[in-house]
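Student: File name start_13.txt; file contents compact mmCIF, N, CA, C and O atoms; full text below.
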```
# COMPACT_ATOMS: atom_id res chain seq x y z
N MET A 1 26.35 -79.53 42.25
CA MET A 1 24.98 -79.43 41.81
C MET A 1 24.17 -80.51 42.50
O MET A 1 24.55 -81.66 42.51
N THR A 2 23.05 -80.14 43.04
CA THR A 2 22.18 -81.11 43.67
C THR A 2 21.21 -81.66 42.64
O THR A 2 21.01 -81.08 41.58
N ILE A 3 20.57 -82.77 42.98
CA ILE A 3 19.62 -83.40 42.07
C ILE A 3 18.49 -82.44 41.71
O ILE A 3 18.05 -82.38 40.58
N SER A 4 18.03 -81.65 42.67
CA SER A 4 16.90 -80.76 42.42
C SER A 4 17.29 -79.49 41.65
O SER A 4 16.44 -78.79 41.17
N GLU A 5 18.57 -79.22 41.52
CA GLU A 5 19.02 -78.03 40.83
C GLU A 5 19.26 -78.35 39.36
O GLU A 5 20.10 -79.17 39.02
N PRO A 6 18.51 -77.70 38.45
CA PRO A 6 18.69 -78.02 37.03
C PRO A 6 20.00 -77.45 36.50
O PRO A 6 20.41 -76.37 36.88
N ALA A 7 20.64 -78.21 35.65
CA ALA A 7 21.85 -77.74 34.98
C ALA A 7 21.44 -76.78 33.88
O ALA A 7 20.54 -77.07 33.10
N ARG A 8 22.08 -75.65 33.84
CA ARG A 8 21.71 -74.64 32.85
C ARG A 8 22.47 -74.86 31.55
O ARG A 8 23.58 -75.37 31.53
N ILE A 9 21.83 -74.43 30.48
CA ILE A 9 22.47 -74.44 29.17
C ILE A 9 22.64 -72.99 28.76
O ILE A 9 21.67 -72.23 28.75
N LEU A 10 23.87 -72.60 28.48
CA LEU A 10 24.09 -71.26 27.94
C LEU A 10 23.66 -71.30 26.48
O LEU A 10 24.09 -72.16 25.72
N ASP A 11 22.79 -70.40 26.14
CA ASP A 11 22.25 -70.38 24.78
C ASP A 11 23.35 -70.28 23.75
O ASP A 11 24.46 -69.83 24.03
N SER A 12 22.99 -70.67 22.56
CA SER A 12 23.93 -70.71 21.46
C SER A 12 24.59 -69.35 21.23
O SER A 12 23.94 -68.32 21.19
N SER A 13 25.88 -69.40 21.11
CA SER A 13 26.70 -68.24 20.85
C SER A 13 27.66 -68.65 19.74
O SER A 13 27.86 -69.84 19.53
N TRP A 14 28.25 -67.72 19.06
CA TRP A 14 29.21 -68.10 18.04
C TRP A 14 30.57 -67.51 18.36
O TRP A 14 30.67 -66.51 19.05
N ILE A 15 31.59 -68.16 17.84
CA ILE A 15 32.97 -67.70 17.96
C ILE A 15 33.63 -67.83 16.60
O ILE A 15 33.14 -68.55 15.72
N ILE A 16 34.75 -67.16 16.43
CA ILE A 16 35.55 -67.31 15.21
C ILE A 16 36.14 -68.72 15.23
O ILE A 16 36.69 -69.16 16.24
N ASP A 17 36.04 -69.43 14.12
CA ASP A 17 36.39 -70.85 14.09
C ASP A 17 37.80 -71.17 14.56
O ASP A 17 38.03 -72.16 15.25
N VAL A 18 38.79 -70.32 14.25
CA VAL A 18 40.16 -70.61 14.67
C VAL A 18 40.35 -70.48 16.18
O VAL A 18 41.37 -70.90 16.71
N ASN A 19 39.36 -69.94 16.86
CA ASN A 19 39.44 -69.79 18.31
C ASN A 19 38.81 -70.97 19.06
O ASN A 19 38.75 -70.93 20.29
N LEU A 20 38.38 -71.99 18.35
CA LEU A 20 37.69 -73.08 19.03
C LEU A 20 38.58 -73.82 20.03
O LEU A 20 38.17 -74.07 21.16
N ARG A 21 39.79 -74.16 19.65
CA ARG A 21 40.64 -74.87 20.61
C ARG A 21 40.95 -74.01 21.84
O ARG A 21 40.82 -74.50 22.97
N PRO A 22 41.33 -72.74 21.68
CA PRO A 22 41.54 -71.93 22.87
C PRO A 22 40.28 -71.81 23.75
O PRO A 22 40.37 -71.78 24.97
N LEU A 23 39.11 -71.78 23.12
CA LEU A 23 37.87 -71.75 23.91
C LEU A 23 37.71 -73.05 24.69
O LEU A 23 37.41 -73.02 25.89
N CYS A 24 37.93 -74.17 24.03
CA CYS A 24 37.83 -75.47 24.72
C CYS A 24 38.79 -75.53 25.90
O CYS A 24 38.42 -75.97 27.00
N GLU A 25 40.01 -75.08 25.68
CA GLU A 25 41.01 -75.09 26.75
C GLU A 25 40.61 -74.16 27.90
O GLU A 25 40.78 -74.49 29.07
N SER A 26 40.04 -73.01 27.57
CA SER A 26 39.61 -72.05 28.59
C SER A 26 38.47 -72.61 29.42
O SER A 26 38.49 -72.55 30.66
N ILE A 27 37.46 -73.16 28.77
CA ILE A 27 36.32 -73.72 29.49
C ILE A 27 36.77 -74.88 30.38
O ILE A 27 36.34 -75.00 31.52
N ALA A 28 37.66 -75.71 29.85
CA ALA A 28 38.19 -76.81 30.66
C ALA A 28 38.92 -76.28 31.88
O ALA A 28 38.79 -76.81 32.99
N GLU A 29 39.70 -75.23 31.70
CA GLU A 29 40.43 -74.61 32.82
C GLU A 29 39.46 -74.13 33.89
O GLU A 29 39.70 -74.32 35.09
N PHE A 30 38.35 -73.51 33.49
CA PHE A 30 37.36 -73.03 34.45
C PHE A 30 36.80 -74.18 35.27
O PHE A 30 36.41 -74.01 36.41
N ALA A 31 36.75 -75.38 34.66
CA ALA A 31 36.19 -76.56 35.34
C ALA A 31 37.26 -77.40 36.02
O ALA A 31 36.94 -78.44 36.61
N GLY A 32 38.51 -77.02 35.91
CA GLY A 32 39.57 -77.80 36.55
C GLY A 32 39.93 -79.05 35.78
O GLY A 32 40.37 -80.05 36.35
N TYR A 33 39.76 -79.02 34.46
CA TYR A 33 40.04 -80.17 33.61
C TYR A 33 41.17 -79.79 32.65
O TYR A 33 41.18 -78.69 32.11
N GLU A 34 42.10 -80.69 32.44
CA GLU A 34 43.19 -80.42 31.50
C GLU A 34 42.79 -80.92 30.11
O GLU A 34 42.70 -82.12 29.86
N PHE A 35 42.53 -80.00 29.21
CA PHE A 35 42.11 -80.30 27.85
C PHE A 35 43.37 -80.49 27.01
O PHE A 35 44.12 -79.56 26.78
N GLY A 36 43.62 -81.72 26.57
CA GLY A 36 44.85 -82.04 25.86
C GLY A 36 44.64 -82.32 24.39
O GLY A 36 43.55 -82.14 23.83
N ASP A 37 45.70 -82.82 23.77
CA ASP A 37 45.68 -83.10 22.33
C ASP A 37 44.62 -84.13 21.95
O ASP A 37 43.96 -84.00 20.92
N SER A 38 44.45 -85.18 22.76
CA SER A 38 43.44 -86.19 22.41
C SER A 38 42.03 -85.62 22.51
O SER A 38 41.15 -85.98 21.71
N ASP A 39 41.80 -84.72 23.46
CA ASP A 39 40.50 -84.05 23.55
C ASP A 39 40.26 -83.22 22.29
O ASP A 39 39.19 -83.28 21.69
N TRP A 40 41.27 -82.48 21.91
CA TRP A 40 41.14 -81.64 20.72
C TRP A 40 40.90 -82.47 19.47
O TRP A 40 40.08 -82.12 18.63
N ARG A 41 41.61 -83.58 19.32
CA ARG A 41 41.41 -84.44 18.15
C ARG A 41 39.96 -84.91 18.07
O ARG A 41 39.38 -84.98 16.98
N ALA A 42 39.38 -85.26 19.20
CA ALA A 42 37.98 -85.71 19.20
C ALA A 42 37.05 -84.60 18.71
O ALA A 42 36.17 -84.84 17.86
N VAL A 43 37.24 -83.39 19.20
CA VAL A 43 36.39 -82.27 18.78
C VAL A 43 36.64 -81.94 17.32
O VAL A 43 35.71 -81.79 16.52
N GLU A 44 37.92 -81.82 16.95
CA GLU A 44 38.30 -81.44 15.59
C GLU A 44 37.79 -82.45 14.56
O GLU A 44 37.33 -82.09 13.47
N THR A 45 37.86 -83.73 14.90
CA THR A 45 37.41 -84.79 14.00
C THR A 45 35.90 -84.78 13.82
O THR A 45 35.39 -85.01 12.72
N ALA A 46 35.18 -84.50 14.88
CA ALA A 46 33.71 -84.53 14.83
C ALA A 46 33.11 -83.27 14.20
O ALA A 46 32.00 -83.31 13.66
N LEU A 47 33.83 -82.17 14.24
CA LEU A 47 33.29 -80.88 13.81
C LEU A 47 32.75 -80.86 12.38
O LEU A 47 31.67 -80.31 12.13
N PRO A 48 33.44 -81.45 11.39
CA PRO A 48 32.91 -81.39 10.01
C PRO A 48 31.54 -82.05 9.83
O PRO A 48 30.82 -81.72 8.88
N ALA A 49 31.16 -82.93 10.71
CA ALA A 49 29.85 -83.61 10.59
C ALA A 49 28.73 -82.81 11.26
O ALA A 49 27.59 -83.27 11.30
N THR A 50 29.04 -81.62 11.77
CA THR A 50 28.03 -80.81 12.43
C THR A 50 27.50 -79.75 11.46
O THR A 50 28.11 -79.46 10.43
N ASP A 51 26.34 -79.18 11.82
CA ASP A 51 25.73 -78.14 10.99
C ASP A 51 24.68 -77.43 11.83
O ASP A 51 23.65 -78.02 12.16
N VAL A 52 24.93 -76.18 12.18
CA VAL A 52 23.99 -75.45 13.03
C VAL A 52 22.65 -75.27 12.32
O VAL A 52 21.60 -75.29 12.95
N GLU A 53 22.66 -75.11 11.00
CA GLU A 53 21.42 -74.92 10.25
C GLU A 53 20.54 -76.17 10.27
O GLU A 53 19.31 -76.07 10.19
N GLN A 54 21.15 -77.35 10.38
CA GLN A 54 20.42 -78.62 10.45
C GLN A 54 20.24 -79.10 11.90
O GLN A 54 19.76 -80.20 12.12
N ASP A 55 20.66 -78.29 12.85
CA ASP A 55 20.59 -78.61 14.28
C ASP A 55 21.36 -79.91 14.59
O ASP A 55 20.91 -80.75 15.36
N GLU A 56 22.53 -80.04 13.98
CA GLU A 56 23.41 -81.20 14.20
C GLU A 56 24.64 -80.72 14.96
O GLU A 56 25.50 -80.03 14.41
N TRP A 57 24.70 -81.09 16.23
CA TRP A 57 25.73 -80.63 17.15
C TRP A 57 26.59 -81.80 17.59
O TRP A 57 26.14 -82.94 17.63
N TYR A 58 27.81 -81.50 17.97
CA TYR A 58 28.70 -82.47 18.61
C TYR A 58 28.82 -82.07 20.08
O TYR A 58 29.07 -80.90 20.39
N GLU A 59 28.65 -83.04 20.96
CA GLU A 59 28.73 -82.78 22.39
C GLU A 59 29.96 -83.45 22.97
O GLU A 59 30.18 -84.64 22.79
N TYR A 60 30.77 -82.66 23.67
CA TYR A 60 32.00 -83.17 24.28
C TYR A 60 31.98 -82.89 25.77
O TYR A 60 31.80 -81.75 26.19
N PRO A 61 32.17 -83.94 26.59
CA PRO A 61 32.15 -83.73 28.04
C PRO A 61 33.45 -83.13 28.56
O PRO A 61 34.54 -83.53 28.15
N ILE A 62 33.32 -82.18 29.45
CA ILE A 62 34.44 -81.61 30.18
C ILE A 62 34.26 -82.09 31.62
O ILE A 62 33.40 -81.61 32.34
N VAL A 63 35.04 -83.09 32.00
CA VAL A 63 34.86 -83.75 33.28
C VAL A 63 35.66 -83.00 34.34
O VAL A 63 36.84 -83.23 34.53
N GLY A 64 35.00 -82.08 34.99
CA GLY A 64 35.65 -81.28 36.02
C GLY A 64 34.64 -80.88 37.07
O GLY A 64 33.61 -81.52 37.23
N GLN A 65 34.93 -79.79 37.74
CA GLN A 65 34.03 -79.24 38.74
C GLN A 65 33.75 -77.79 38.36
O GLN A 65 34.62 -76.95 38.58
N PRO A 66 32.65 -77.47 37.77
CA PRO A 66 31.52 -78.34 37.48
C PRO A 66 31.78 -79.22 36.26
O PRO A 66 32.57 -78.86 35.40
N ALA A 67 31.11 -80.36 36.22
CA ALA A 67 31.13 -81.21 35.03
C ALA A 67 30.20 -80.56 34.02
O ALA A 67 29.03 -80.34 34.30
N ILE A 68 30.74 -80.22 32.86
CA ILE A 68 29.93 -79.55 31.85
C ILE A 68 30.12 -80.23 30.51
O ILE A 68 31.03 -81.04 30.33
N SER A 69 29.26 -79.91 29.58
CA SER A 69 29.38 -80.42 28.22
C SER A 69 29.45 -79.24 27.26
O SER A 69 28.72 -78.27 27.40
N LEU A 70 30.34 -79.37 26.32
CA LEU A 70 30.51 -78.38 25.29
C LEU A 70 29.85 -78.91 24.02
O LEU A 70 30.16 -80.01 23.58
N LEU A 71 28.93 -78.15 23.46
CA LEU A 71 28.27 -78.52 22.22
C LEU A 71 28.71 -77.54 21.14
O LEU A 71 28.67 -76.33 21.36
N VAL A 72 29.12 -78.07 19.99
CA VAL A 72 29.62 -77.22 18.91
C VAL A 72 28.99 -77.63 17.58
O VAL A 72 28.66 -78.80 17.37
N ALA A 73 28.84 -76.64 16.71
CA ALA A 73 28.33 -76.90 15.36
C ALA A 73 28.85 -75.82 14.42
O ALA A 73 28.87 -74.64 14.78
N VAL A 74 29.27 -76.23 13.24
CA VAL A 74 29.75 -75.26 12.25
C VAL A 74 28.57 -74.55 11.60
O VAL A 74 27.45 -75.06 11.58
N ASP A 75 28.85 -73.38 11.09
CA ASP A 75 27.89 -72.63 10.30
C ASP A 75 28.41 -72.69 8.86
O ASP A 75 29.36 -72.00 8.52
N PRO A 76 27.81 -73.56 8.04
CA PRO A 76 28.32 -73.77 6.69
C PRO A 76 28.47 -72.47 5.91
O PRO A 76 27.61 -71.59 5.96
N GLY A 77 29.61 -72.34 5.25
CA GLY A 77 29.86 -71.18 4.42
C GLY A 77 30.38 -69.96 5.18
O GLY A 77 30.54 -68.89 4.60
N SER A 78 30.63 -70.13 6.47
CA SER A 78 31.15 -69.00 7.25
C SER A 78 32.41 -69.44 7.99
O SER A 78 32.81 -70.60 7.93
N SER A 79 32.99 -68.53 8.72
CA SER A 79 34.18 -68.86 9.51
C SER A 79 33.85 -68.78 11.00
O SER A 79 34.69 -68.35 11.79
N VAL A 80 32.64 -69.21 11.36
CA VAL A 80 32.25 -69.22 12.77
C VAL A 80 31.80 -70.62 13.18
O VAL A 80 31.39 -71.43 12.34
N VAL A 81 31.90 -70.87 14.47
CA VAL A 81 31.41 -72.10 15.09
C VAL A 81 30.43 -71.68 16.17
O VAL A 81 30.72 -70.77 16.96
N PHE A 82 29.28 -72.31 16.18
CA PHE A 82 28.31 -72.03 17.23
C PHE A 82 28.61 -72.92 18.43
O PHE A 82 29.03 -74.07 18.27
N VAL A 83 28.39 -72.39 19.61
CA VAL A 83 28.76 -73.06 20.85
C VAL A 83 27.59 -72.98 21.84
O VAL A 83 26.97 -71.92 21.99
N ARG A 84 27.34 -74.09 22.51
CA ARG A 84 26.43 -74.14 23.65
C ARG A 84 27.20 -74.81 24.78
O ARG A 84 28.04 -75.67 24.52
N VAL A 85 26.89 -74.46 25.99
CA VAL A 85 27.54 -75.09 27.13
C VAL A 85 26.44 -75.56 28.07
O VAL A 85 25.60 -74.78 28.50
N ARG A 86 26.46 -76.86 28.37
CA ARG A 86 25.45 -77.47 29.24
C ARG A 86 26.09 -77.80 30.59
O ARG A 86 27.22 -78.25 30.65
N GLY A 87 25.33 -77.59 31.66
CA GLY A 87 25.79 -77.99 32.99
C GLY A 87 26.36 -76.87 33.82
O GLY A 87 26.93 -77.11 34.87
N VAL A 88 26.22 -75.66 33.35
CA VAL A 88 26.72 -74.51 34.11
C VAL A 88 25.78 -74.31 35.30
O VAL A 88 24.63 -73.96 35.12
N ASN A 89 26.31 -74.55 36.50
CA ASN A 89 25.43 -74.55 37.66
C ASN A 89 25.77 -73.50 38.70
O ASN A 89 25.26 -73.53 39.80
N ASN A 90 26.67 -72.59 38.36
CA ASN A 90 26.94 -71.50 39.30
C ASN A 90 27.23 -70.22 38.52
O ASN A 90 27.64 -70.25 37.36
N GLU A 91 27.01 -69.12 39.19
CA GLU A 91 27.13 -67.81 38.54
C GLU A 91 28.57 -67.51 38.11
O GLU A 91 28.79 -66.93 37.04
N ARG A 92 29.53 -67.92 38.91
CA ARG A 92 30.93 -67.66 38.55
C ARG A 92 31.31 -68.34 37.24
O ARG A 92 31.89 -67.72 36.35
N ALA A 93 30.98 -69.63 37.11
CA ALA A 93 31.29 -70.36 35.88
C ALA A 93 30.55 -69.74 34.70
O ALA A 93 31.12 -69.60 33.61
N LYS A 94 29.31 -69.36 34.91
CA LYS A 94 28.53 -68.73 33.84
C LYS A 94 29.21 -67.45 33.36
O LYS A 94 29.36 -67.24 32.15
N LEU A 95 29.63 -66.59 34.27
CA LEU A 95 30.29 -65.34 33.90
C LEU A 95 31.62 -65.58 33.19
O LEU A 95 31.95 -64.90 32.21
N GLN A 96 32.40 -66.56 33.68
CA GLN A 96 33.68 -66.87 33.04
C GLN A 96 33.46 -67.33 31.61
O GLN A 96 34.16 -66.89 30.68
N ILE A 97 32.51 -68.23 31.42
CA ILE A 97 32.26 -68.78 30.08
C ILE A 97 31.70 -67.72 29.15
O ILE A 97 32.12 -67.60 27.99
N GLU A 98 30.77 -66.91 29.64
CA GLU A 98 30.21 -65.85 28.81
C GLU A 98 31.29 -64.85 28.39
O GLU A 98 31.30 -64.37 27.25
N THR A 99 32.21 -64.54 29.29
CA THR A 99 33.31 -63.64 28.97
C THR A 99 34.22 -64.25 27.90
O THR A 99 34.60 -63.57 26.94
N ALA A 100 34.56 -65.51 28.07
CA ALA A 100 35.40 -66.20 27.08
C ALA A 100 34.71 -66.22 25.71
O ALA A 100 35.34 -65.95 24.69
N LEU A 101 33.42 -66.51 25.68
CA LEU A 101 32.69 -66.53 24.41
C LEU A 101 32.74 -65.16 23.74
O LEU A 101 32.94 -65.07 22.52
N ARG A 102 32.59 -64.12 24.51
CA ARG A 102 32.63 -62.76 23.95
C ARG A 102 34.02 -62.46 23.35
O ARG A 102 34.13 -61.92 22.25
N ILE A 103 35.06 -62.82 24.08
CA ILE A 103 36.42 -62.57 23.59
C ILE A 103 36.69 -63.36 22.32
O ILE A 103 37.19 -62.81 21.33
N PHE A 104 36.32 -64.65 22.30
CA PHE A 104 36.63 -65.50 21.15
C PHE A 104 35.73 -65.20 19.94
O PHE A 104 36.03 -65.64 18.84
N ALA A 105 34.65 -64.45 20.15
CA ALA A 105 33.81 -64.01 19.04
C ALA A 105 34.29 -62.67 18.48
O ALA A 105 34.00 -62.34 17.34
N THR A 106 35.05 -61.94 19.29
CA THR A 106 35.44 -60.58 18.91
C THR A 106 36.80 -60.52 18.24
O THR A 106 36.99 -59.79 17.27
N TRP A 107 37.76 -61.27 18.76
CA TRP A 107 39.14 -61.21 18.26
C TRP A 107 39.61 -62.57 17.78
O TRP A 107 39.37 -63.58 18.43
N GLU A 108 40.31 -62.56 16.68
CA GLU A 108 40.94 -63.79 16.17
C GLU A 108 42.30 -63.90 16.83
O GLU A 108 43.15 -63.02 16.69
N LEU A 109 42.50 -64.99 17.57
CA LEU A 109 43.75 -65.17 18.29
C LEU A 109 44.85 -65.61 17.34
O LEU A 109 44.61 -66.39 16.41
N ALA A 110 46.04 -65.16 17.59
CA ALA A 110 47.20 -65.59 16.80
C ALA A 110 47.54 -67.04 17.16
O ALA A 110 47.47 -67.42 18.31
N GLN A 111 47.90 -67.80 16.18
CA GLN A 111 48.21 -69.21 16.40
C GLN A 111 49.65 -69.36 16.83
O GLN A 111 50.53 -68.76 16.43
```
Show me this structure written as structure tokens.

Tutor:
Amino acid sequence: MTISEPARILDSSWIIDVNLRPLCESIAEFAGYEFGDSDWRAVETALPATDVEQDEWYEYPIVGQPAISLLVAVDPGSSVVFVRVRGVNNERAKLQIETALRIFATWELAQ
């Protein structure tokens, strides 16, 4: 990404809450980053303090190529997590992430 090229934010989307870790791992894979247990602990620990209705999000950096940020917020009283992705600067990454969001919103993955 060049300085003059703005980093895009994929608008808020939701996924089934139990799919959050697989989504994090998938997005990290698209960026060439290995999302491990310590990464997951950071997201999992911060998640209860978020609230999409109050516009309180947790932002976690995925340090890869492209370097992106994952923003998450719970929807109180439901079993979904809202997701935004900041820093998507190419069409391929955008399509991969949008596809993953669609899958993780549609099917509950087996643990």

Student: At what distance in Å, to one decimal, does atom C of Ala73 in chain A lie from atom O of Glu56 in chain A?

Tutor: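 Going from atom O of Glu56 in chain A over to atom C of Ala73 in chain A covers 5.4 Å.
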
Student: I'd like the neighbourhood of range 82-85 of chain A as a list in words, where a residue qualifies if any of its atoms comes within 8 Å (using all atoms listed in the file), though same-chain residues fewer than 5 positions away should be ignored.

Tutor: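 Here the qualifying residues turn out to be Ala7, Arg8, Ile9, Leu10, Asp11, Ser12, Ser13, Trp14, Ile15, Ile16, Asp17, Val52, Glu56, Trp57, Tyr58, Glu59, Tyr60, Ile68, Ser69, Leu70, Leu71, Val72, Ala73, Val74 and Asp75 of chain A.
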
Student: Which residue is closest to Leu20 in chain A? Choose from A:Val88, A:Val63, A:Val81, A:Ile103 and count only C-alpha atoms.

Tutor: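 With only C-alpha atoms as the atom set, the closest residue is A:Val81.
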
Student: Find the residues around Cys24 in chain A up to 8 Å (only N, CA, C and O atoms counted), leave out those fewer than 3 positions away in its own chain, and share them as a list in words.

Tutor: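 What passes the distance filter is Asn19, Leu20, Arg21, Ile27, Ala28, Glu29, Phe30, Ala31, Tyr33, Glu34, Phe35, Gly36, Ile62 and Leu70 of chain A.
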
Student: Limited to N, CA, C and O atoms, could you put the picked residues into a file as a PDB file, in the frame of the given file?

Tutor:
```
ATOM      1  N   ASN A  19      39.360 -69.940  16.860  1.00  0.00           N
ATOM      2  CA  ASN A  19      39.440 -69.790  18.310  1.00  0.00           C
ATOM      3  C   ASN A  19      38.810 -70.970  19.060  1.00  0.00           C
ATOM      4  O   ASN A  19      38.750 -70.930  20.290  1.00  0.00           O
ATOM      5  N   LEU A  20      38.380 -71.990  18.350  1.00  0.00           N
ATOM      6  CA  LEU A  20      37.690 -73.080  19.030  1.00  0.00           C
ATOM      7  C   LEU A  20      38.580 -73.820  20.030  1.00  0.00           C
ATOM      8  O   LEU A  20      38.170 -74.070  21.160  1.00  0.00           O
ATOM      9  N   ARG A  21      39.790 -74.160  19.650  1.00  0.00           N
ATOM     10  CA  ARG A  21      40.640 -74.870  20.610  1.00  0.00           C
ATOM     11  C   ARG A  21      40.950 -74.010  21.840  1.00  0.00           C
ATOM     12  O   ARG A  21      40.820 -74.500  22.970  1.00  0.00           O
ATOM     13  N   ILE A  27      37.460 -73.160  28.770  1.00  0.00           N
ATOM     14  CA  ILE A  27      36.320 -73.720  29.490  1.00  0.00           C
ATOM     15  C   ILE A  27      36.770 -74.880  30.380  1.00  0.00           C
ATOM     16  O   ILE A  27      36.340 -75.000  31.520  1.00  0.00           O
ATOM     17  N   ALA A  28      37.660 -75.710  29.850  1.00  0.00           N
ATOM     18  CA  ALA A  28      38.190 -76.810  30.660  1.00  0.00           C
ATOM     19  C   ALA A  28      38.920 -76.280  31.880  1.00  0.00           C
ATOM     20  O   ALA A  28      38.790 -76.810  32.990  1.00  0.00           O
ATOM     21  N   GLU A  29      39.700 -75.230  31.700  1.00  0.00           N
ATOM     22  CA  GLU A  29      40.430 -74.610  32.820  1.00  0.00           C
ATOM     23  C   GLU A  29      39.460 -74.130  33.890  1.00  0.00           C
ATOM     24  O   GLU A  29      39.700 -74.320  35.090  1.00  0.00           O
ATOM     25  N   PHE A  30      38.350 -73.510  33.490  1.00  0.00           N
ATOM     26  CA  PHE A  30      37.360 -73.030  34.450  1.00  0.00           C
ATOM     27  C   PHE A  30      36.800 -74.180  35.270  1.00  0.00           C
ATOM     28  O   PHE A  30      36.410 -74.010  36.410  1.00  0.00           O
ATOM     29  N   ALA A  31      36.750 -75.380  34.660  1.00  0.00           N
ATOM     30  CA  ALA A  31      36.190 -76.560  35.340  1.00  0.00           C
ATOM     31  C   ALA A  31      37.260 -77.400  36.020  1.00  0.00           C
ATOM     32  O   ALA A  31      36.940 -78.440  36.610  1.00  0.00           O
ATOM     33  N   TYR A  33      39.760 -79.020  34.460  1.00  0.00           N
ATOM     34  CA  TYR A  33      40.040 -80.170  33.610  1.00  0.00           C
ATOM     35  C   TYR A  33      41.170 -79.790  32.650  1.00  0.00           C
ATOM     36  O   TYR A  33      41.180 -78.690  32.110  1.00  0.00           O
ATOM     37  N   GLU A  34      42.100 -80.690  32.440  1.00  0.00           N
ATOM     38  CA  GLU A  34      43.190 -80.420  31.500  1.00  0.00           C
ATOM     39  C   GLU A  34      42.790 -80.920  30.110  1.00  0.00           C
ATOM     40  O   GLU A  34      42.700 -82.120  29.860  1.00  0.00           O
ATOM     41  N   PHE A  35      42.530 -80.000  29.210  1.00  0.00           N
ATOM     42  CA  PHE A  35      42.110 -80.300  27.850  1.00  0.00           C
ATOM     43  C   PHE A  35      43.370 -80.490  27.010  1.00  0.00           C
ATOM     44  O   PHE A  35      44.120 -79.560  26.780  1.00  0.00           O
ATOM     45  N   GLY A  36      43.620 -81.720  26.570  1.00  0.00           N
ATOM     46  CA  GLY A  36      44.850 -82.040  25.860  1.00  0.00           C
ATOM     47  C   GLY A  36      44.640 -82.320  24.390  1.00  0.00           C
ATOM     48  O   GLY A  36      43.550 -82.140  23.830  1.00  0.00           O
ATOM     49  N   ILE A  62      33.320 -82.180  29.450  1.00  0.00           N
ATOM     50  CA  ILE A  62      34.440 -81.610  30.180  1.00  0.00           C
ATOM     51  C   ILE A  62      34.260 -82.090  31.620  1.00  0.00           C
ATOM     52  O   ILE A  62      33.400 -81.610  32.340  1.00  0.00           O
ATOM     53  N   LEU A  70      30.340 -79.370  26.320  1.00  0.00           N
ATOM     54  CA  LEU A  70      30.510 -78.380  25.290  1.00  0.00           C
ATOM     55  C   LEU A  70      29.850 -78.910  24.020  1.00  0.00           C
ATOM     56  O   LEU A  70      30.160 -80.010  23.580  1.00  0.00           O
TER      57      LEU A  70
END
```

Student: List every residue of chain A that DSSP, applied to the backbone, labels as alpha helix (DSSP H), and write the result as an NGL selection string.

Tutor: :A and (20-31 or 37-46 or 91-106)

Student: Please give the complete set of residues from range 1-100 of chain A that DSSP, run on the backbone, assigns to strand (DSSP E), formatted as a VMD selection string.

Tutor: chain A and resid 8 to 16 58 to 62 68 to 74 80 to 88
